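Colleague: The file below is query.cif, mmCIF, C-alpha atoms and all ligand atoms:
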```
data_run
#
loop_
_atom_site.label_atom_id
_atom_site.label_comp_id
_atom_site.auth_asym_id
_atom_site.auth_seq_id
_atom_site.Cartn_x
_atom_site.Cartn_y
_atom_site.Cartn_z
CA MET Z 28 -59.32 115.26 -48.50
CA LYS Z 29 -57.36 118.11 -46.97
CA ARG Z 30 -60.50 120.23 -46.78
CA ILE Z 31 -62.46 117.49 -45.01
CA GLY Z 32 -59.60 117.18 -42.54
CA LEU Z 33 -59.73 120.89 -41.86
CA LEU Z 34 -63.49 120.79 -41.46
CA VAL Z 35 -63.20 117.98 -38.91
CA LEU Z 36 -60.55 119.96 -37.09
CA ALA Z 37 -62.73 123.07 -37.05
CA VAL Z 38 -65.68 121.12 -35.66
CA LEU Z 39 -63.47 119.52 -33.03
CA LEU Z 40 -62.04 122.88 -32.02
CA ALA Z 41 -65.48 124.46 -31.84
CA PHE Z 42 -66.60 121.56 -29.69
CA SER Z 43 -63.64 121.80 -27.36
CA VAL Z 44 -64.08 125.57 -27.02
CA ALA Z 45 -67.75 125.10 -26.21
CA SER Z 46 -66.90 122.34 -23.78
CA VAL Z 47 -64.83 124.70 -21.67
CA SER Z 48 -67.30 127.58 -21.55
CA ALA Z 49 -67.41 129.29 -18.22
CA ASN Z 50 -70.38 129.27 -15.95
CA GLY Z 51 -72.38 132.40 -16.38
CA ALA Z 52 -70.34 133.49 -19.36
CA LYS Z 53 -72.34 134.23 -22.42
CA GLU Z 54 -73.22 131.31 -24.71
CA GLY Z 55 -70.07 129.93 -26.33
CA GLY Z 56 -67.97 132.33 -24.27
CA GLN Z 57 -64.42 131.14 -23.92
CA ILE Z 58 -62.88 130.52 -20.52
CA VAL Z 59 -60.33 133.19 -19.75
CA ILE Z 60 -57.56 132.22 -17.32
CA GLY Z 61 -55.77 135.09 -15.61
CA ALA Z 62 -52.35 133.69 -14.78
CA ASN Z 63 -48.89 134.82 -13.72
CA ILE Z 64 -45.39 133.49 -13.21
CA TYR Z 65 -43.66 134.96 -10.15
CA SER Z 66 -40.67 135.84 -12.36
CA PHE Z 67 -40.00 135.19 -16.03
CA ALA Z 68 -36.29 135.29 -15.08
CA ASP Z 69 -36.66 131.93 -13.28
CA ASN Z 70 -35.37 129.22 -15.61
CA PHE Z 71 -37.63 126.42 -14.36
CA MET Z 72 -40.83 128.48 -14.24
CA ASN Z 73 -40.12 130.22 -17.52
CA GLY Z 74 -38.47 127.34 -19.36
CA VAL Z 75 -40.66 124.42 -18.28
CA MET Z 76 -43.96 125.59 -16.82
CA LYS Z 77 -44.74 128.62 -18.99
CA PRO Z 78 -44.42 126.90 -22.39
CA GLU Z 79 -46.59 124.02 -21.19
CA PHE Z 80 -49.20 126.44 -19.86
CA GLU Z 81 -49.34 128.08 -23.28
CA ARG Z 82 -49.42 124.81 -25.21
CA TYR Z 83 -51.93 123.05 -23.00
CA ALA Z 84 -54.31 126.03 -22.73
CA THR Z 85 -54.60 125.92 -26.52
CA THR Z 86 -55.45 122.23 -26.51
CA LEU Z 87 -58.15 122.95 -23.90
CA GLY Z 88 -59.56 125.78 -26.00
CA ALA Z 89 -59.13 128.21 -23.12
CA LYS Z 90 -57.68 131.70 -23.36
CA LEU Z 91 -54.59 132.19 -21.23
CA GLU Z 92 -53.49 135.64 -20.15
CA MET Z 93 -50.05 135.23 -18.60
CA VAL Z 94 -48.17 138.05 -16.89
CA ASP Z 95 -44.71 138.42 -15.31
CA SER Z 96 -44.81 139.46 -11.64
CA GLU Z 97 -41.09 140.31 -11.76
CA GLY Z 98 -40.46 138.94 -8.28
CA GLN Z 99 -42.69 141.55 -6.61
CA GLN Z 100 -45.74 140.53 -4.60
CA ALA Z 101 -47.11 144.12 -4.77
CA LYS Z 102 -46.98 143.90 -8.56
CA LEU Z 103 -48.81 140.56 -8.48
CA ASN Z 104 -51.54 142.03 -6.24
CA ASP Z 105 -52.08 144.80 -8.81
CA GLN Z 106 -52.14 142.25 -11.65
CA ILE Z 107 -54.81 140.28 -9.81
CA ASP Z 108 -56.90 143.46 -9.42
CA VAL Z 109 -56.66 144.00 -13.17
CA PHE Z 110 -57.70 140.39 -13.89
CA ILE Z 111 -60.68 140.83 -11.55
CA THR Z 112 -61.71 144.09 -13.23
CA LYS Z 113 -61.52 142.29 -16.59
CA LYS Z 114 -63.77 139.56 -15.12
CA VAL Z 115 -61.55 136.61 -15.99
CA SER Z 116 -63.26 133.23 -15.47
CA VAL Z 117 -60.59 131.85 -13.15
CA LEU Z 118 -57.22 132.81 -11.68
CA ALA Z 119 -54.06 130.63 -11.81
CA ILE Z 120 -51.57 132.26 -9.50
CA ASN Z 121 -47.90 131.60 -8.72
CA LEU Z 122 -47.33 133.52 -5.49
CA VAL Z 123 -44.24 135.67 -5.22
CA ASP Z 124 -44.37 135.59 -1.43
CA PRO Z 125 -45.69 132.28 -0.06
CA ALA Z 126 -46.78 134.19 3.06
CA ALA Z 127 -49.05 136.47 1.01
CA ALA Z 128 -51.62 133.83 0.11
CA LYS Z 129 -54.35 135.03 2.45
CA ALA Z 130 -54.54 138.45 0.83
CA VAL Z 131 -54.58 136.90 -2.65
CA ILE Z 132 -57.29 134.42 -1.68
CA ALA Z 133 -59.36 137.22 -0.12
CA LYS Z 134 -59.29 139.14 -3.42
CA ALA Z 135 -60.52 136.12 -5.40
CA LYS Z 136 -63.16 135.35 -2.80
CA ALA Z 137 -64.50 138.92 -2.75
CA ALA Z 138 -64.81 138.76 -6.55
CA GLY Z 139 -66.31 135.25 -6.50
CA ILE Z 140 -63.62 134.01 -8.91
CA PRO Z 141 -62.16 130.51 -8.45
CA LEU Z 142 -58.43 130.41 -7.80
CA ILE Z 143 -55.76 127.80 -8.43
CA LEU Z 144 -52.46 128.52 -6.70
CA PHE Z 145 -49.48 126.67 -8.15
CA ASN Z 146 -45.81 125.85 -7.52
CA LYS Z 147 -45.39 127.96 -4.35
CA GLU Z 148 -47.45 126.55 -1.53
CA PRO Z 149 -49.04 129.00 0.91
CA THR Z 150 -47.32 128.99 4.26
CA GLU Z 151 -49.94 130.83 6.33
CA ALA Z 152 -52.06 128.54 8.47
CA GLY Z 153 -55.72 128.53 7.49
CA ALA Z 154 -55.13 130.19 4.11
CA MET Z 155 -56.49 127.31 2.02
CA ALA Z 156 -59.50 126.89 4.30
CA SER Z 157 -60.47 130.56 3.94
CA TYR Z 158 -62.20 130.05 0.56
CA ASP Z 159 -64.10 127.06 -0.82
CA LYS Z 160 -62.99 127.83 -4.39
CA VAL Z 161 -59.21 127.80 -3.91
CA TRP Z 162 -57.00 124.80 -4.70
CA TYR Z 163 -53.25 124.19 -4.86
CA VAL Z 164 -51.19 122.39 -7.52
CA GLY Z 165 -47.56 121.60 -6.77
CA THR Z 166 -45.50 118.87 -5.25
CA ASN Z 167 -44.70 117.41 -1.88
CA SER Z 168 -41.68 119.62 -1.26
CA ALA Z 169 -39.98 117.25 1.18
CA GLU Z 170 -39.96 114.48 -1.41
CA SER Z 171 -37.41 116.32 -3.58
CA GLY Z 172 -34.98 116.69 -0.69
CA ILE Z 173 -35.43 113.09 0.36
CA ILE Z 174 -34.75 111.82 -3.17
CA GLN Z 175 -31.74 114.11 -3.62
CA GLY Z 176 -30.44 113.01 -0.22
CA GLN Z 177 -30.83 109.32 -1.00
CA MET Z 178 -28.93 109.70 -4.28
CA MET Z 179 -26.09 111.53 -2.52
CA VAL Z 180 -25.87 108.98 0.31
CA SER Z 181 -25.68 106.01 -2.01
CA ASP Z 182 -23.06 107.72 -4.24
CA TRP Z 183 -21.05 108.79 -1.18
CA LYS Z 184 -20.98 105.22 0.08
CA ALA Z 185 -19.95 103.94 -3.35
CA ASN Z 186 -17.13 106.49 -3.69
CA PRO Z 187 -14.86 106.42 -0.60
CA LYS Z 188 -12.45 108.81 -2.38
CA TRP Z 189 -15.06 111.58 -2.15
CA ASP Z 190 -14.10 111.90 1.52
CA LEU Z 191 -11.07 113.97 0.55
CA ASN Z 192 -9.63 114.36 4.05
CA GLY Z 193 -10.63 110.82 5.05
CA ASP Z 194 -12.30 111.93 8.30
CA GLY Z 195 -15.57 110.08 7.61
CA VAL Z 196 -17.45 113.40 7.63
CA VAL Z 197 -19.09 114.99 4.58
CA GLN Z 198 -17.83 118.59 4.33
CA TYR Z 199 -20.52 120.23 2.18
CA VAL Z 200 -21.61 123.60 0.86
CA LEU Z 201 -25.26 124.28 0.06
CA LEU Z 202 -26.86 126.66 -2.42
CA LYS Z 203 -30.33 127.35 -1.07
CA GLY Z 204 -33.31 128.83 -2.97
CA GLU Z 205 -35.74 131.43 -1.69
CA PRO Z 206 -35.83 131.58 2.12
CA GLY Z 207 -39.32 130.72 3.36
CA HIS Z 208 -40.23 128.94 0.10
CA PRO Z 209 -41.45 125.47 1.14
CA ASP Z 210 -39.35 123.85 -1.63
CA ALA Z 211 -36.15 125.59 -0.51
CA GLU Z 212 -36.71 124.93 3.18
CA ALA Z 213 -37.63 121.26 2.72
CA ARG Z 214 -34.86 120.52 0.21
CA THR Z 215 -32.25 122.09 2.46
CA LYS Z 216 -33.40 120.13 5.48
CA GLU Z 217 -34.16 116.75 3.91
CA SER Z 218 -31.09 116.47 1.66
CA VAL Z 219 -28.75 116.78 4.64
CA LYS Z 220 -30.96 114.73 6.93
CA ALA Z 221 -30.56 111.76 4.56
CA PHE Z 222 -26.87 111.53 5.56
CA VAL Z 223 -27.66 111.82 9.24
CA ASP Z 224 -30.36 109.14 8.91
CA ALA Z 225 -27.82 106.88 7.17
CA GLY Z 226 -25.43 107.34 10.09
CA ILE Z 227 -22.99 109.52 8.11
CA LYS Z 228 -21.65 112.65 9.82
CA VAL Z 229 -21.93 115.98 8.01
CA GLN Z 230 -20.27 119.35 8.40
CA GLN Z 231 -21.74 122.43 6.72
CA LEU Z 232 -18.94 124.69 5.50
CA ALA Z 233 -21.25 127.30 3.97
CA LEU Z 234 -24.87 127.94 3.00
CA GLU Z 235 -26.19 130.91 1.02
CA ALA Z 236 -29.78 131.52 -0.08
CA ASP Z 237 -31.05 133.33 -3.15
CA PRO Z 238 -34.69 134.43 -3.53
CA ASN Z 239 -34.22 134.13 -7.31
CA TRP Z 240 -32.70 130.63 -7.36
CA SER Z 241 -30.31 132.02 -9.96
CA THR Z 242 -27.34 130.77 -11.93
CA GLN Z 243 -25.54 134.03 -11.17
CA HIS Z 244 -25.89 133.38 -7.44
CA GLY Z 245 -24.60 129.81 -7.85
CA ASN Z 246 -21.60 131.06 -9.79
CA ASP Z 247 -20.73 133.93 -7.43
CA LYS Z 248 -21.07 131.94 -4.21
CA MET Z 249 -19.21 128.89 -5.49
CA ALA Z 250 -16.39 131.08 -6.81
CA ALA Z 251 -16.11 132.86 -3.45
CA TRP Z 252 -16.19 129.59 -1.49
CA LEU Z 253 -13.46 128.03 -3.62
CA THR Z 254 -11.06 130.87 -2.84
CA SER Z 255 -12.04 131.09 0.85
CA SER Z 256 -10.12 129.58 3.76
CA PHE Z 257 -12.21 126.38 3.56
CA GLY Z 258 -12.09 126.21 -0.26
CA LYS Z 259 -9.91 123.12 -0.40
CA SER Z 260 -12.01 121.30 2.22
CA ILE Z 261 -15.23 121.21 0.16
CA GLU Z 262 -16.24 117.64 -0.68
CA LEU Z 263 -19.83 118.02 -1.89
CA VAL Z 264 -21.99 120.72 -3.49
CA ILE Z 265 -25.72 120.51 -2.73
CA CYS Z 266 -27.99 122.76 -4.81
CA ASN Z 267 -31.69 123.36 -4.19
CA ASN Z 268 -32.21 123.69 -7.94
CA ASP Z 269 -30.44 123.15 -11.27
CA GLY Z 270 -30.25 126.87 -12.07
CA MET Z 271 -27.89 127.46 -9.14
CA ALA Z 272 -26.07 124.21 -9.91
CA PHE Z 273 -25.22 125.50 -13.41
CA GLY Z 274 -23.56 128.55 -11.87
CA ALA Z 275 -21.61 126.38 -9.44
CA ILE Z 276 -20.43 124.19 -12.35
CA ASN Z 277 -19.15 127.31 -14.16
CA ALA Z 278 -17.22 128.41 -11.08
CA LEU Z 279 -15.79 124.94 -10.53
CA LYS Z 280 -14.67 124.71 -14.16
CA ALA Z 281 -13.10 128.17 -14.01
CA ALA Z 282 -11.15 127.07 -10.93
CA GLY Z 283 -10.21 123.73 -12.48
CA VAL Z 284 -11.86 121.86 -9.60
CA LYS Z 285 -14.11 118.79 -9.86
CA LEU Z 286 -16.55 118.01 -7.02
CA PRO Z 287 -19.67 115.88 -6.66
CA LEU Z 288 -22.65 118.14 -7.31
CA TYR Z 289 -26.44 117.67 -7.24
CA GLY Z 290 -29.47 119.75 -8.27
CA VAL Z 291 -33.24 119.60 -8.53
CA ASP Z 292 -35.58 120.22 -11.52
CA ALA Z 293 -34.00 118.04 -14.25
CA LEU Z 294 -33.77 120.84 -16.78
CA ASP Z 295 -32.44 119.80 -20.21
CA GLN Z 296 -29.11 121.47 -19.46
CA ALA Z 297 -28.81 119.38 -16.29
CA LEU Z 298 -29.18 116.20 -18.34
CA THR Z 299 -26.34 117.41 -20.53
CA HIS Z 300 -24.18 118.12 -17.47
CA ILE Z 301 -24.94 114.61 -16.21
CA ALA Z 302 -23.98 113.18 -19.60
CA ASP Z 303 -20.72 115.16 -19.44
CA GLY Z 304 -19.96 113.98 -15.90
CA GLU Z 305 -20.24 117.51 -14.49
CA MET Z 306 -23.29 116.80 -12.39
CA ASN Z 307 -23.95 113.63 -10.37
CA GLY Z 308 -27.71 113.80 -10.19
CA THR Z 309 -30.86 115.86 -10.13
CA VAL Z 310 -34.52 115.33 -9.29
CA LEU Z 311 -37.28 115.67 -11.86
CA ASN Z 312 -39.57 118.55 -10.85
CA ASP Z 313 -42.41 117.72 -13.21
CA GLY Z 314 -43.41 121.20 -14.35
CA VAL Z 315 -45.20 119.86 -17.41
CA ASN Z 316 -47.67 117.90 -15.33
CA GLN Z 317 -47.96 120.70 -12.77
CA ALA Z 318 -48.95 123.07 -15.58
CA ARG Z 319 -51.45 120.58 -16.99
CA ALA Z 320 -53.01 119.90 -13.59
CA THR Z 321 -53.27 123.64 -12.89
CA LEU Z 322 -55.16 124.23 -16.14
CA ASP Z 323 -57.32 121.13 -15.82
CA LEU Z 324 -58.44 122.28 -12.38
CA ALA Z 325 -58.81 125.87 -13.56
CA VAL Z 326 -61.20 125.11 -16.45
CA ARG Z 327 -63.30 122.83 -14.27
CA ALA Z 328 -63.45 125.40 -11.49
CA ALA Z 329 -64.49 128.00 -14.07
CA MET Z 330 -67.32 125.72 -15.18
CA GLY Z 331 -68.39 125.09 -11.59
CA LYS Z 332 -67.54 121.39 -11.90
CA PRO Z 333 -65.67 119.24 -9.37
CA VAL Z 334 -62.09 120.27 -10.15
CA THR Z 335 -60.63 116.84 -10.87
CA GLU Z 336 -63.67 115.42 -12.69
CA GLY Z 337 -62.69 113.33 -15.70
CA THR Z 338 -58.96 113.71 -14.99
CA THR Z 339 -56.33 111.45 -13.44
CA TRP Z 340 -55.42 114.08 -10.81
CA LYS Z 341 -56.16 113.30 -7.18
CA LEU Z 342 -56.79 115.86 -4.49
CA SER Z 343 -54.88 115.18 -1.28
CA THR Z 344 -56.95 114.00 1.62
CA ASP Z 345 -55.03 116.03 4.22
CA GLY Z 346 -57.20 119.14 4.03
CA THR Z 347 -54.73 121.09 1.86
CA LYS Z 348 -56.94 120.82 -1.27
CA ALA Z 349 -53.79 120.05 -3.23
CA VAL Z 350 -52.83 118.04 -6.29
CA ARG Z 351 -49.24 116.94 -5.71
CA VAL Z 352 -47.19 115.78 -8.69
CA ALA Z 353 -44.45 113.25 -7.91
CA TYR Z 354 -40.69 113.92 -8.06
CA LEU Z 355 -38.33 111.35 -9.62
CA PRO Z 356 -34.59 110.68 -9.21
CA VAL Z 357 -32.44 111.43 -12.26
CA THR Z 358 -29.01 109.80 -12.25
CA PRO Z 359 -26.19 108.98 -14.68
CA LYS Z 360 -27.95 105.61 -15.12
CA ASN Z 361 -31.42 106.84 -16.12
CA TYR Z 362 -31.05 110.46 -17.35
CA GLN Z 363 -31.60 109.39 -20.97
CA ASP Z 364 -35.21 108.57 -20.10
CA PHE Z 365 -35.84 112.24 -19.29
CA ARG Z 366 -34.59 113.66 -22.59
CA LYS Z 367 -37.41 115.36 -24.47
CA LYS Z 368 -38.76 112.91 -27.00
C1 LIG I 401 -39.10 125.38 -7.50
C2 LIG I 401 -38.02 125.08 -8.53
C3 LIG I 401 -37.01 126.19 -8.57
C4 LIG I 401 -37.73 127.53 -8.74
C5 LIG I 401 -38.82 127.69 -7.72
C6 LIG I 401 -39.58 128.97 -7.93
O1 LIG I 401 -40.08 124.39 -7.54
O2 LIG I 401 -37.38 123.87 -8.21
O3 LIG I 401 -36.08 126.00 -9.60
O4 LIG I 401 -38.28 127.54 -10.02
O5 LIG I 401 -39.70 126.60 -7.76
O6 LIG I 401 -40.65 129.09 -7.05
CA CA I 402 -14.46 114.55 4.90
#
```
Could I get this file's structure written as structure tokens?
Modeller:
Amino acid sequence: MKRIGLLVLAVLLAFSVASVSANGAKEGGQIVIGANIYSFADNFMNGVMKPEFERYATTLGAKLEMVDSEGQQAKLNDQIDVFITKKVSVLAINLVDPAAAKAVIAKAKAAGIPLILFNKEPTEAGAMASYDKVWYVGTNSAESGIIQGQMMVSDWKANPKWDLNGDGVVQYVLLKGEPGHPDAEARTKESVKAFVDAGIKVQQLALEADPNWSTQHGNDKMAAWLTSSFGKSIELVICNNDGMAFGAINALKAAGVKLPLYGVDALDQALTHIADGEMNGTVLNDGVNQARATLDLAVRAAMGKPVTEGTTWKLSTDGTKAVRVAYLPVTPKNYQDFRKK
């Protein structure tokens, strides 16, 4: 019985491997995906996207070669050269610098290798149009800021005591991610704009950006703000991601201060902080589905097929050649639904 089961499994695996053979690769040749993460030190990229890349590549029968670009675009450019020399079937690239897309795309184009960019959307105009075999998988960055903003506005309205000095103005501090990163820029703008749109006045007491979106940064900045001249005036802590929020929570705890605080990503630890009342909300950044979409597009591109064929992914119709995975609000009311099953 066991042996028959194994035989069936072997046949299925052989079939799935064959079904993802690359165009031009020798008969039965496995698709090889040359991929990177901009930095393995990033808790969302490393903790959510990377494991799903590894798991899902196996289920697709593709070979994933994943490297750490250590936050250096020059390093990533070299890694791409190595992948090209090795003749990988397809590239799945997480840019370090969103303004470096054109050079990356030019490399793939010169080598005739299809390219899926993911998580960090190119910011240079015309980049995506410069090659017919490049696609993008990510999100609609603005959506995360809008959702975070809406959560904060409705909680602010429901909690008049949050206006500590009773002036009707939200005195906030903001921990921003990488400057120039579409997610960081849009989250910063949209989260605050939600108050303005709701007719609530805001006053920014401080804003500090971190290219690494790190917990250390969140901790250090929050600690400094709390002991600054405006420390006692802070009424709200807005964080572009959960990683920085965790640092801010540490600093707040160390200072014995409790403030409303919001993040983005919905990491497991954030759900725990919500359960413990240390975080008021976050936004699901669906890295699992972003990883799956990236690989689904990659294997199809490698086979020369339409990239979304036979999948549920939809390419945007706005000329960006993008699959955009939806964000979702995560609150004290619904966070249980986001616990890993
Ligand atoms: C964002 C995510 C951040 C960080 C960043 C890296 O989508 O929310 O936590 O991982 O990507 O590019
Ligand atoms: Ca106030």
Colleague: Which residues of chain Z have any atom within 8 Å of an atom in ligand LIG 401 (chain I) when counting only C-alpha atoms and all ligand atoms, and what is the closest pair of atoms for each, with the distance in Å to one decimal? Order the rows by chain and rising number and write it as a Markdown table.
Modeller:
```
| residue | atom | partner | partner_atom | distance |
| --- | --- | --- | --- | --- |
| Z:Tyr65 | CA | I:LIG401 | O6 | 7.3 |
| Z:Asp69 | CA | I:LIG401 | O4 | 5.7 |
| Z:Asn70 | CA | I:LIG401 | O4 | 6.5 |
| Z:Phe71 | CA | I:LIG401 | O4 | 4.5 |
| Z:Met72 | CA | I:LIG401 | O4 | 5.0 |
| Z:Asn121 | CA | I:LIG401 | O6 | 7.9 |
| Z:Val123 | CA | I:LIG401 | O6 | 7.7 |
| Z:Asn146 | CA | I:LIG401 | O1 | 5.9 |
| Z:Lys147 | CA | I:LIG401 | O6 | 5.6 |
| Z:Gly204 | CA | I:LIG401 | C3 | 7.2 |
| Z:Glu205 | CA | I:LIG401 | O6 | 7.6 |
| Z:His208 | CA | I:LIG401 | O6 | 7.2 |
| Z:Asp210 | CA | I:LIG401 | O1 | 6.0 |
| Z:Ala211 | CA | I:LIG401 | C1 | 7.6 |
| Z:Asn239 | CA | I:LIG401 | C6 | 7.5 |
| Z:Trp240 | CA | I:LIG401 | C4 | 6.1 |
| Z:Asn267 | CA | I:LIG401 | O2 | 7.0 |
| Z:Asn268 | CA | I:LIG401 | O3 | 4.8 |
| Z:Asp269 | CA | I:LIG401 | O3 | 6.5 |
| Z:Gly270 | CA | I:LIG401 | O3 | 6.4 |
| Z:Val291 | CA | I:LIG401 | O2 | 6.0 |
| Z:Asp292 | CA | I:LIG401 | O2 | 5.2 |
| Z:Asn312 | CA | I:LIG401 | O2 | 6.3 |
```
Colleague: For ligand CA 402 (chain I), which residue out of Z:Gly207, Z:Gly176, Z:Pro187, Z:Gly245 is the nearest one, using all atoms listed in the file?
Modeller: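 When distances to ligand CA 402 (chain I) are compared using all atoms listed in the file, the smallest one comes from Z:Pro187.
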Colleague: Tell me which residues come within 12 Å of (-43.1, 115.5, -17.5), as a list in words, counting only C-alpha atoms in the file's coordinates.
Modeller: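 It turns out the residues near that spot are Val75, Met76, Glu79, Asp292, Ala293, Leu294, Asp295, Val310, Leu311, Asn312, Asp313, Gly314, Val315, Asn316, Gln317, Ala318, Arg319, Ala320, Val352, Ala353, Tyr354, Leu355, Asp364, Phe365, Arg366, Lys367 and Lys368 of chain Z.
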Colleague: Write to file, as a CSV table (one decimal), keeping the file's coordinate frame, the residues of the selection just made, with C-alpha atoms.
Modeller:
```csv
chain,number,residue,atom,x,y,z
Z,75,VAL,CA,-40.7,124.4,-18.3
Z,76,MET,CA,-44.0,125.6,-16.8
Z,79,GLU,CA,-46.6,124.0,-21.2
Z,292,ASP,CA,-35.6,120.2,-11.5
Z,293,ALA,CA,-34.0,118.0,-14.2
Z,294,LEU,CA,-33.8,120.8,-16.8
Z,295,ASP,CA,-32.4,119.8,-20.2
Z,310,VAL,CA,-34.5,115.3,-9.3
Z,311,LEU,CA,-37.3,115.7,-11.9
Z,312,ASN,CA,-39.6,118.6,-10.8
Z,313,ASP,CA,-42.4,117.7,-13.2
Z,314,GLY,CA,-43.4,121.2,-14.4
Z,315,VAL,CA,-45.2,119.9,-17.4
Z,316,ASN,CA,-47.7,117.9,-15.3
Z,317,GLN,CA,-48.0,120.7,-12.8
Z,318,ALA,CA,-49.0,123.1,-15.6
Z,319,ARG,CA,-51.4,120.6,-17.0
Z,320,ALA,CA,-53.0,119.9,-13.6
Z,352,VAL,CA,-47.2,115.8,-8.7
Z,353,ALA,CA,-44.4,113.2,-7.9
Z,354,TYR,CA,-40.7,113.9,-8.1
Z,355,LEU,CA,-38.3,111.4,-9.6
Z,364,ASP,CA,-35.2,108.6,-20.1
Z,365,PHE,CA,-35.8,112.2,-19.3
Z,366,ARG,CA,-34.6,113.7,-22.6
Z,367,LYS,CA,-37.4,115.4,-24.5
Z,368,LYS,CA,-38.8,112.9,-27.0
```
Colleague: Of the residues Z:Val115, Z:Leu202, Z:Met93, Z:Ala156, which is the one nearest to Ala349 of chain Z, using all atoms listed in the file?
Modeller: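 Among Z:Val115, Z:Leu202, Z:Met93, Z:Ala156, it is Z:Ala156 that comes nearest to Ala349 of chain Z.
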Colleague: Atom CA of Thr85 of chain Z and atom CA of Ala297 of chain Z are how many Å apart?
Modeller: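 Separation between atom CA of Thr85 of chain Z and atom CA of Ala297 of chain Z: 28.5 Å.
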Colleague: At a cut-off of 10 Å, can you tabulate as JSON lines every residue of segment 85-199 of chain Z near segment 327-340 of chain Z together with its closest atom pair and the distance in Å to one decimal, using all atoms listed in the file and ordering rows by chain then number?
Modeller:
```
{"residue": "Z:Val115", "atom": "CA", "partner": "Z:Ala329", "partner_atom": "CA", "distance": 9.3}
{"residue": "Z:Ser116", "atom": "CA", "partner": "Z:Ala329", "partner_atom": "CA", "distance": 5.6}
{"residue": "Z:Val117", "atom": "CA", "partner": "Z:Ala329", "partner_atom": "CA", "distance": 5.6}
{"residue": "Z:Leu118", "atom": "CA", "partner": "Z:Ala329", "partner_atom": "CA", "distance": 9.0}
{"residue": "Z:Ile140", "atom": "CA", "partner": "Z:Ala329", "partner_atom": "CA", "distance": 8.0}
{"residue": "Z:Pro141", "atom": "CA", "partner": "Z:Ala328", "partner_atom": "CA", "distance": 6.1}
{"residue": "Z:Leu142", "atom": "CA", "partner": "Z:Ala328", "partner_atom": "CA", "distance": 8.0}
{"residue": "Z:Ile143", "atom": "CA", "partner": "Z:Ala328", "partner_atom": "CA", "distance": 8.6}
{"residue": "Z:Lys160", "atom": "CA", "partner": "Z:Ala328", "partner_atom": "CA", "distance": 7.5}
{"residue": "Z:Val161", "atom": "CA", "partner": "Z:Ala328", "partner_atom": "CA", "distance": 9.0}
{"residue": "Z:Trp162", "atom": "CA", "partner": "Z:Val334", "partner_atom": "CA", "distance": 8.7}
{"residue": "Z:Val164", "atom": "CA", "partner": "Z:Trp340", "partner_atom": "CA", "distance": 9.9}
```
Colleague: As a list in words, please: every protein or nucleic acid residue near ligand CA 402 (chain I) (cut-off 8 Å, counting all atoms listed in the file).
Modeller: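 So, counting all atoms listed in the file, the residues near ligand CA 402 (chain I) are Trp189, Asp190, Leu191, Asn192, Gly193, Asp194, Gly195, Val196, Val197, Gln198, Ser260 and Glu262 of chain Z.
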Colleague: Calculated over only C-alpha atoms, which of the candidates Z:Ile265, Z:Glu170, Z:Val223, Z:Leu232 has the smallest distance to Lys203 of chain Z?
Modeller: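 The shortest atom-to-atom distance to Lys203 of chain Z comes from Z:Ile265.
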Colleague: Figure out the distance between atom CA of Thr321 of chain Z and atom CA of Leu144 of chain Z, please, to one decimal in Å.
Modeller: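 Separating atom CA of Leu144 of chain Z from atom CA of Thr321 of chain Z is a distance of 7.9 Å.
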